[in-house]
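Have a look at input_16.tsv below; it lists TSV, C-alpha atoms.
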chain	number	residue	atom	x	y	z
K	1	MET	CA	14.73	-19.27	-19.97
K	2	ASN	CA	16.56	-16.75	-22.16
K	3	LEU	CA	20.34	-17.23	-22.36
K	4	ALA	CA	20.99	-14.67	-25.12
K	5	ASP	CA	22.98	-12.44	-22.72
K	6	LEU	CA	24.66	-15.18	-20.74
K	7	HIS	CA	28.06	-13.83	-21.87
K	8	ARG	CA	27.17	-10.59	-20.04
K	9	GLY	CA	26.24	-12.47	-16.90
K	10	LEU	CA	22.47	-12.16	-17.44
K	11	VAL	CA	19.83	-14.90	-17.47
K	12	ARG	CA	16.14	-14.07	-17.95
K	13	PHE	CA	13.17	-16.17	-16.88
K	14	ASP	CA	9.70	-15.50	-18.20
K	15	ASN	CA	6.33	-17.13	-18.84
K	16	THR	CA	5.54	-18.04	-22.42
K	17	GLN	CA	3.38	-15.55	-24.28
K	18	THR	CA	0.66	-18.20	-24.62
K	19	ARG	CA	0.55	-18.86	-20.87
K	20	LYS	CA	0.48	-15.15	-20.07
K	21	ALA	CA	-2.30	-14.49	-22.59
K	22	GLU	CA	-4.46	-17.37	-21.35
K	23	LEU	CA	-4.10	-16.52	-17.68
K	24	ALA	CA	-4.58	-12.79	-18.33
K	25	SER	CA	-7.77	-13.54	-20.26
K	26	ALA	CA	-9.09	-15.69	-17.41
K	27	ILE	CA	-8.38	-13.02	-14.80
K	28	LYS	CA	-9.96	-10.28	-16.93
K	29	ALA	CA	-13.14	-12.36	-17.26
K	30	ILE	CA	-13.27	-12.86	-13.49
K	31	LEU	CA	-12.76	-9.14	-12.85
K	32	GLU	CA	-15.55	-8.28	-15.27
K	33	SER	CA	-18.02	-10.64	-13.61
K	34	LYS	CA	-16.63	-10.06	-10.08
K	35	ASN	CA	-17.59	-13.66	-9.33
K	36	LEU	CA	-15.32	-16.61	-8.54
K	37	ALA	CA	-16.62	-19.98	-7.31
K	38	HIS	CA	-14.69	-22.05	-4.76
K	39	ARG	CA	-13.55	-24.70	-7.26
K	40	ASP	CA	-12.55	-22.10	-9.85
K	41	ALA	CA	-10.66	-20.10	-7.21
K	42	LEU	CA	-8.51	-23.10	-6.30
K	43	LYS	CA	-7.82	-23.81	-9.97
K	44	LEU	CA	-6.92	-20.15	-10.58
K	45	ARG	CA	-4.62	-20.12	-7.56
K	46	GLY	CA	-2.68	-23.08	-8.97
K	47	ARG	CA	-2.20	-21.36	-12.32
K	48	MET	CA	-1.19	-18.10	-10.64
K	49	GLN	CA	1.27	-19.89	-8.37
K	50	PHE	CA	3.01	-21.57	-11.30
K	51	SER	CA	3.27	-18.34	-13.29
K	52	ALA	CA	4.49	-16.43	-10.23
K	53	GLY	CA	7.73	-18.42	-10.35
K	54	GLN	CA	8.76	-16.39	-13.39
K	55	LEU	CA	7.74	-13.01	-11.89
K	56	PHE	CA	10.37	-11.08	-9.98
K	57	GLY	CA	9.56	-10.10	-6.43
K	58	ARG	CA	7.13	-11.42	-3.87
K	59	ILE	CA	4.10	-9.19	-4.46
K	60	SER	CA	2.43	-12.07	-6.28
K	61	ARG	CA	2.46	-14.03	-3.04
K	62	THR	CA	0.17	-11.48	-1.36
K	63	CYS	CA	-2.23	-11.87	-4.29
K	64	LEU	CA	-2.25	-15.65	-3.87
K	65	VAL	CA	-3.09	-15.24	-0.17
K	66	VAL	CA	-6.16	-13.18	-1.07
K	67	VAL	CA	-7.35	-15.73	-3.67
K	68	THR	CA	-6.93	-18.50	-1.08
K	69	GLU	CA	-8.92	-16.49	1.47
K	70	HIS	CA	-11.69	-16.04	-1.07
K	71	ALA	CA	-11.73	-19.75	-1.96
K	72	TYR	CA	-12.34	-20.77	1.65
K	73	SER	CA	-14.56	-17.89	2.69
K	74	LYS	CA	-18.30	-18.24	3.23
K	75	VAL	CA	-19.30	-15.18	1.21
K	76	GLY	CA	-19.98	-17.16	-1.95
K	77	LYS	CA	-18.84	-16.26	-5.47
K	78	LYS	CA	-18.90	-12.48	-5.07
K	79	LEU	CA	-15.42	-10.95	-5.04
K	80	SER	CA	-14.58	-8.51	-2.27
K	81	PRO	CA	-12.90	-5.18	-3.12
K	82	LYS	CA	-9.72	-6.66	-1.61
K	83	ALA	CA	-9.87	-9.64	-3.99
K	84	VAL	CA	-10.56	-7.41	-6.99
K	85	SER	CA	-7.56	-5.25	-6.06
K	86	ALA	CA	-5.29	-8.30	-5.66
K	87	LEU	CA	-6.30	-9.82	-9.00
K	88	SER	CA	-5.87	-6.47	-10.73
K	89	LEU	CA	-2.37	-6.13	-9.28
K	90	TYR	CA	-1.42	-9.64	-10.36
K	91	LEU	CA	-2.77	-9.01	-13.86
K	92	ALA	CA	-0.63	-5.87	-14.15
K	93	MET	CA	2.48	-7.78	-13.07
K	94	LEU	CA	1.74	-10.66	-15.43
K	95	THR	CA	1.34	-8.46	-18.50
K	96	CYS	CA	4.14	-5.94	-17.91
K	97	ASP	CA	6.53	-8.10	-20.00
K	98	GLU	CA	9.38	-7.73	-17.49
K	99	PRO	CA	11.14	-11.10	-17.06
K	100	ARG	CA	12.82	-12.29	-13.90
K	101	VAL	CA	16.54	-11.55	-14.23
K	102	LEU	CA	19.54	-13.11	-12.53
K	103	ALA	CA	22.75	-11.14	-12.93
K	104	LYS	CA	26.35	-11.23	-11.76
K	105	ALA	CA	25.39	-8.89	-8.94
K	106	SER	CA	23.23	-11.69	-7.54
K	107	ASN	CA	26.28	-13.32	-5.94
K	108	ARG	CA	27.01	-10.25	-3.79
K	109	THR	CA	25.44	-10.33	-0.34
K	110	TRP	CA	24.59	-7.20	1.63
K	111	MET	CA	23.23	-7.25	5.17
K	112	ILE	CA	20.76	-4.93	6.83
K	113	PHE	CA	20.35	-4.73	10.60
K	114	THR	CA	17.30	-2.84	11.86
K	115	ASP	CA	15.99	-2.00	15.30
K	116	ALA	CA	13.52	0.23	17.10
K	117	SER	CA	13.15	1.48	20.64
K	118	PHE	CA	10.02	2.51	22.51
K	119	GLU	CA	10.24	3.62	26.13
K	120	PRO	CA	6.83	4.72	27.50
K	121	GLY	CA	8.16	6.01	30.82
K	122	GLN	CA	6.41	9.07	32.19
K	123	GLY	CA	4.92	11.82	30.08
K	124	THR	CA	5.77	11.68	26.38
K	125	PRO	CA	7.31	8.33	25.43
K	126	GLU	CA	10.63	8.24	23.63
K	127	ALA	CA	10.98	6.19	20.46
K	128	GLY	CA	13.57	5.72	17.76
K	129	ILE	CA	14.34	3.64	14.70
K	130	ALA	CA	17.73	2.77	13.25
K	131	CYS	CA	19.40	0.65	10.62
K	132	VAL	CA	22.96	-0.34	9.73
K	133	LEU	CA	24.01	-1.40	6.23
K	134	VAL	CA	26.87	-3.91	5.93
K	135	ASN	CA	28.59	-4.35	2.54
K	136	PRO	CA	29.57	-7.70	0.92
K	137	ALA	CA	33.02	-7.42	2.51
K	138	GLY	CA	31.38	-7.48	5.96
K	139	LYS	CA	32.07	-3.81	6.74
K	140	PRO	CA	29.34	-1.54	8.18
K	141	THR	CA	29.24	1.37	5.73
K	142	HIS	CA	26.07	3.38	6.41
K	143	TYR	CA	23.58	3.91	9.19
K	144	PHE	CA	20.59	6.03	10.02
K	145	SER	CA	19.00	6.91	13.33
K	146	CYS	CA	15.78	8.83	13.77
K	147	LYS	CA	14.04	10.01	16.92
K	148	LEU	CA	10.27	10.13	16.67
K	149	THR	CA	8.42	13.22	17.82
K	150	SER	CA	5.30	13.06	19.99
K	151	GLU	CA	3.32	13.85	16.83
K	152	ASN	CA	4.92	10.88	15.04
K	153	ILE	CA	4.10	8.59	17.94
K	154	SER	CA	0.48	9.74	18.10
K	155	ARG	CA	0.08	9.09	14.39
K	156	TRP	CA	1.31	5.53	14.76
K	157	ASN	CA	-0.64	4.94	17.95
K	158	PRO	CA	-4.15	6.43	17.53
K	159	ASN	CA	-5.65	3.78	19.85
K	160	LYS	CA	-3.19	4.61	22.66
K	161	ALA	CA	-1.78	1.08	22.83
K	162	ASP	CA	0.83	0.32	25.47
K	163	THR	CA	3.50	-0.12	22.80
K	164	ILE	CA	4.00	0.39	19.06
K	165	ILE	CA	7.27	-1.53	18.83
K	166	PHE	CA	5.90	-3.83	16.08
K	167	GLU	CA	5.02	-0.87	13.86
K	168	LEU	CA	8.36	0.85	14.49
K	169	GLU	CA	10.43	-2.27	13.82
K	170	PHE	CA	8.51	-2.70	10.55
K	171	LEU	CA	8.99	0.95	9.62
K	172	ALA	CA	12.77	0.66	10.10
K	173	VAL	CA	12.96	-2.03	7.40
K	174	LEU	CA	11.01	0.14	4.96
K	175	CYS	CA	13.27	3.12	5.61
K	176	ALA	CA	16.35	1.01	4.95
K	177	PHE	CA	15.03	0.05	1.52
K	178	ARG	CA	14.02	3.60	0.75
K	179	LEU	CA	17.48	4.91	1.57
K	180	TRP	CA	19.83	2.26	0.21
K	181	SER	CA	18.11	0.08	-2.42
K	182	CYS	CA	20.16	1.85	-5.12
K	183	LEU	CA	23.35	0.54	-3.46
K	184	PHE	CA	22.36	-3.14	-3.39
K	185	SER	CA	20.22	-3.28	-6.53
K	186	GLY	CA	20.26	-6.76	-8.07
K	187	ALA	CA	22.17	-8.30	-5.18
K	188	GLN	CA	21.31	-10.68	-2.36
K	189	VAL	CA	20.15	-8.91	0.79
K	190	ILE	CA	19.82	-10.47	4.24
K	191	SER	CA	17.73	-8.36	6.59
K	192	PHE	CA	18.11	-9.04	10.30
K	193	VAL	CA	15.33	-7.95	12.67
K	194	ASP	CA	14.92	-8.73	16.35
K	195	ASN	CA	11.11	-8.77	16.33
K	196	ASN	CA	9.52	-12.15	15.54
K	197	GLY	CA	6.23	-10.64	14.41
K	198	VAL	CA	7.91	-8.42	11.84
K	199	ARG	CA	10.12	-11.25	10.61
K	200	ASP	CA	7.12	-13.56	10.18
K	201	ALA	CA	5.12	-10.91	8.32
K	202	LEU	CA	8.02	-10.23	5.96
K	203	ILE	CA	8.53	-13.94	5.24
K	204	SER	CA	4.83	-14.75	4.76
K	205	CYS	CA	4.09	-11.49	2.89
K	206	HIS	CA	1.06	-11.00	5.10
K	207	SER	CA	0.16	-8.75	8.01
K	208	SER	CA	-3.21	-8.64	9.73
K	209	THR	CA	-2.80	-5.05	10.93
K	210	CYS	CA	-3.58	-1.98	8.84
K	211	VAL	CA	-0.21	-0.34	9.48
K	212	GLY	CA	1.71	-3.56	8.95
K	213	ALA	CA	-0.06	-4.31	5.66
K	214	SER	CA	0.64	-0.81	4.35
K	215	ILE	CA	4.34	-0.96	5.23
K	216	LEU	CA	4.65	-4.48	3.85
K	217	LYS	CA	3.16	-3.44	0.51
K	218	GLU	CA	5.75	-0.68	0.12
K	219	ILE	CA	8.63	-2.99	1.06
K	220	LEU	CA	7.52	-5.57	-1.50
K	221	LYS	CA	7.37	-2.87	-4.19
K	222	LEU	CA	10.92	-1.79	-3.39
K	223	GLU	CA	12.14	-5.40	-3.40
K	224	SER	CA	10.70	-5.77	-6.88
K	225	THR	CA	11.94	-2.48	-8.38
K	226	SER	CA	15.46	-2.95	-6.99
K	227	LYS	CA	15.54	-6.62	-8.12
K	228	VAL	CA	16.99	-7.86	-4.84
K	229	LEU	CA	17.06	-11.49	-3.73
K	230	GLN	CA	15.72	-11.05	-0.23
K	231	TRP	CA	16.11	-13.15	2.92
K	232	TYR	CA	14.72	-12.24	6.35
K	233	SER	CA	16.00	-13.60	9.65
K	234	ARG	CA	15.96	-12.81	13.35
K	235	VAL	CA	18.98	-11.55	15.26
K	236	PRO	CA	19.11	-11.46	19.10
K	237	SER	CA	19.06	-7.92	20.44
K	238	ILE	CA	22.45	-8.38	22.09
K	239	SER	CA	23.96	-9.18	18.66
K	240	ASN	CA	22.11	-6.45	16.76
K	241	ILE	CA	24.50	-3.69	15.67
K	242	ALA	CA	21.46	-1.42	15.14
K	243	ASP	CA	20.44	-1.64	18.81
K	244	ASP	CA	22.69	1.23	19.95
K	245	PRO	CA	21.71	3.77	17.25
K	246	SER	CA	18.01	3.06	17.87
K	247	ARG	CA	18.73	4.48	21.33
K	248	PHE	CA	20.92	7.26	19.89
K	249	VAL	CA	24.28	5.79	20.90
K	250	PHE	CA	26.82	5.95	18.07
K	251	THR	CA	30.22	5.23	19.65
K	252	GLN	CA	30.75	1.83	18.02
K	253	LEU	CA	29.54	2.88	14.57
K	254	LYS	CA	31.72	5.98	14.47
K	255	ALA	CA	34.73	3.95	15.56
K	256	LEU	CA	34.07	1.64	12.60
K	257	GLY	CA	33.97	4.59	10.19
K	258	CYS	CA	30.28	4.07	9.40
K	259	ARG	CA	28.65	7.07	7.67
K	260	GLU	CA	25.32	8.52	8.75
K	261	THR	CA	22.56	8.82	6.13
K	262	PHE	CA	19.91	11.49	6.59
K	263	LEU	CA	16.35	10.14	6.84
K	264	ASN	CA	13.30	12.30	6.16
K	265	LEU	CA	10.80	10.20	8.08
K	266	ASP	CA	7.82	12.40	7.20
K	267	CYS	CA	8.34	11.76	3.48
K	268	VAL	CA	8.35	8.00	4.05
K	269	VAL	CA	5.26	8.02	6.26
K	270	ASP	CA	3.29	10.41	4.03
K	271	GLU	CA	3.46	7.89	1.17
K	272	LEU	CA	1.87	5.14	3.26
K	273	ASP	CA	-1.87	4.49	2.99
K	274	LEU	CA	-2.95	4.17	6.64
K	275	SER	CA	-6.62	4.88	5.98
K	276	LYS	CA	-7.81	1.26	5.76
The structure given in the file should be rewritten as C-alpha cells.
Amino acid sequence: MNLADLHRGLVRFDNTQTRKAELASAIKAILESKNLAHRDALKLRGRMQFSAGQLFGRISRTCLVVVTEHAYSKVGKKLSPKAVSALSLYLAMLTCDEPRVLAKASNRTWMIFTDASFEPGQGTPEAGIACVLVNPAGKPTHYFSCKLTSENISRWNPNKADTIIFELEFLAVLCAFRLWSCLFSGAQVISFVDNNGVRDALISCHSSTCVGASILKEILKLESTSKVLQWYSRVPSISNIADDPSRFVFTQLKALGCRETFLNLDCVVDELDLSK
C-alpha cells in the first residue's frame, strides 16, 4: 500500500516486486513448456488469485477460470490455446507496473440502465438497444437508442435462433461503456440489466457463448482502462428507465431533460472478435 499521495486523495495498491518477479518467472516457464500438471495448476491458481487482489479490474478473474478448467480437465498436462492465451494475458497485466488506485472519485456513484427489445413478428424482426446514464445526483443525463437493421440482426443470429435478446442485452452494456466511460472514470458504477443471463455472466466474468465471451472481454477491458468500481444488478422491466427507449419511445426522457448520445453501432460491433 502506497500512501505517498494520500493528501491528494490517492491510495495505490500493488504487489511487491519480488512477488511479481517470482510469479512472472513461473508463468513464463509454463508458457515455454506449454505443460501444467493438475497439482501445479491448483498451486498456480492460488498464487494468481492472491496477486489479482492488487490488480485493477476483473480480467484476471477470467484467467483464473481458465486455469481452474485446465486443472480439472482430462486432457493431461498439455495447455490448450485458450489456457496459453489466458496465462499470457495475466502475465502482461502482472508486469505492466500499474498499481490498483483508489481516488476521491471512488465515492461518486453513477448508474447505468440498459435494455434491449426483440420482436420477431412477421417478416423482418424489429430489435433495438438502449441505455440511460444517471449521474451521482440521481438525475438521468444521457441516453442512447439504436434500431438494428435486418443486416445487424442476421449478423448476430447466423443460426436463425428464435431470439437474440441475450446478445442484444449484453451489447447494450458494452455500448454504454464505449460511450460514457470518460464521464464516470474512477467512480463507482452500478449497472442495472433486466436479463438474468447477462447479469450472471457479468458478475462471474464468464460466458459460454462465443458472442457473449467476446462482448464480455471488451467490457472487462473498458472497466479496467476507466478504473471504475463496478457492480451489476437486475432491475425489473417495469422499473427499467431504459425500457421505453429500447422500443423507441422517448417521452419520459425528454421531459426529464435527458440528452441523446449518438451511437455508431457498426464501429462497436466491428471491433468484436466473433470468429471463435
In Å and to one decimal, atom CA of Cys146 of chain K is distant from atom CA of Val211 of chain K by 18.9 Å
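Between atom CA of Asp40 of chain K and atom CA of Ser80 of chain K the interatomic distance comes to 15.7 Å.
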What separates atom CA of Leu216 of chain K and atom CA of Val268 of chain K is a distance of 13.0 Å
List as number ranges by chain the protein and nucleic acid residues near Arg47 of chain K, meaning an atom at most 8 Å away when only C-alpha atoms are counted, but skip any in the same chain fewer than 4 places from it.
K: 23, 43, 51
Thr16 of chain K proximity check over K:Thr95, K:Gln188, K:Asn264, K:Thr68, using only C-alpha atoms: winner is K:Thr95
Fill in: 8 Å contact set for Leu220 of chain K, all atoms listed in the file, chain neighbours under 4 positions out, as a ChimeraX atom specification
/K:57-59,216,224
key: Non-local contacts of Gly186 of chain K (10 Å; all atoms listed in the file; under 6 positions in same chain excluded) as a PyMOL selection string   = chain K and resi 101-109+223-229
Next, dump the selected residues to file, keeping only C-alpha atoms, as a tab-separated table (two decimals), in the coordinates of the input.
chain	number	residue	atom	x	y	z
K	101	VAL	CA	16.54	-11.55	-14.23
K	102	LEU	CA	19.54	-13.11	-12.53
K	103	ALA	CA	22.75	-11.14	-12.93
K	104	LYS	CA	26.35	-11.23	-11.76
K	105	ALA	CA	25.39	-8.89	-8.94
K	106	SER	CA	23.23	-11.69	-7.54
K	107	ASN	CA	26.28	-13.32	-5.94
K	108	ARG	CA	27.01	-10.25	-3.79
K	109	THR	CA	25.44	-10.33	-0.34
K	223	GLU	CA	12.14	-5.40	-3.40
K	224	SER	CA	10.70	-5.77	-6.88
K	225	THR	CA	11.94	-2.48	-8.38
K	226	SER	CA	15.46	-2.95	-6.99
K	227	LYS	CA	15.54	-6.62	-8.12
K	228	VAL	CA	16.99	-7.86	-4.84
K	229	LEU	CA	17.06	-11.49	-3.73
*May I have the residues within 7 Å of segment 111-118 of chain K as a list in words, using all atoms listed in the file and disregarding those fewer than 3 positions away in the same chain?*
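Here the qualifying residues turn out to be Glu126, Ala127, Gly128, Ile129, Ala130, Cys131, Val132, Leu133, Val134, Asn135, Ile165, Leu168, Glu169, Ala172, Val173, Val189, Ile190, Ser191, Phe192, Val193, Asp194, Asn240, Ile241, Ala242, Asp243, Ser246 and Arg247 of chain K.
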- [ ] Give as a ChimeraX atom specification every residue, naming chains and numbers as the document does, that has an atom within 10 Å of (-4.5, -11.2, -11.3), counting only C-alpha atoms.
- [x] /K:23-28,30-31,44-45,48,60,63-64,67,83-95
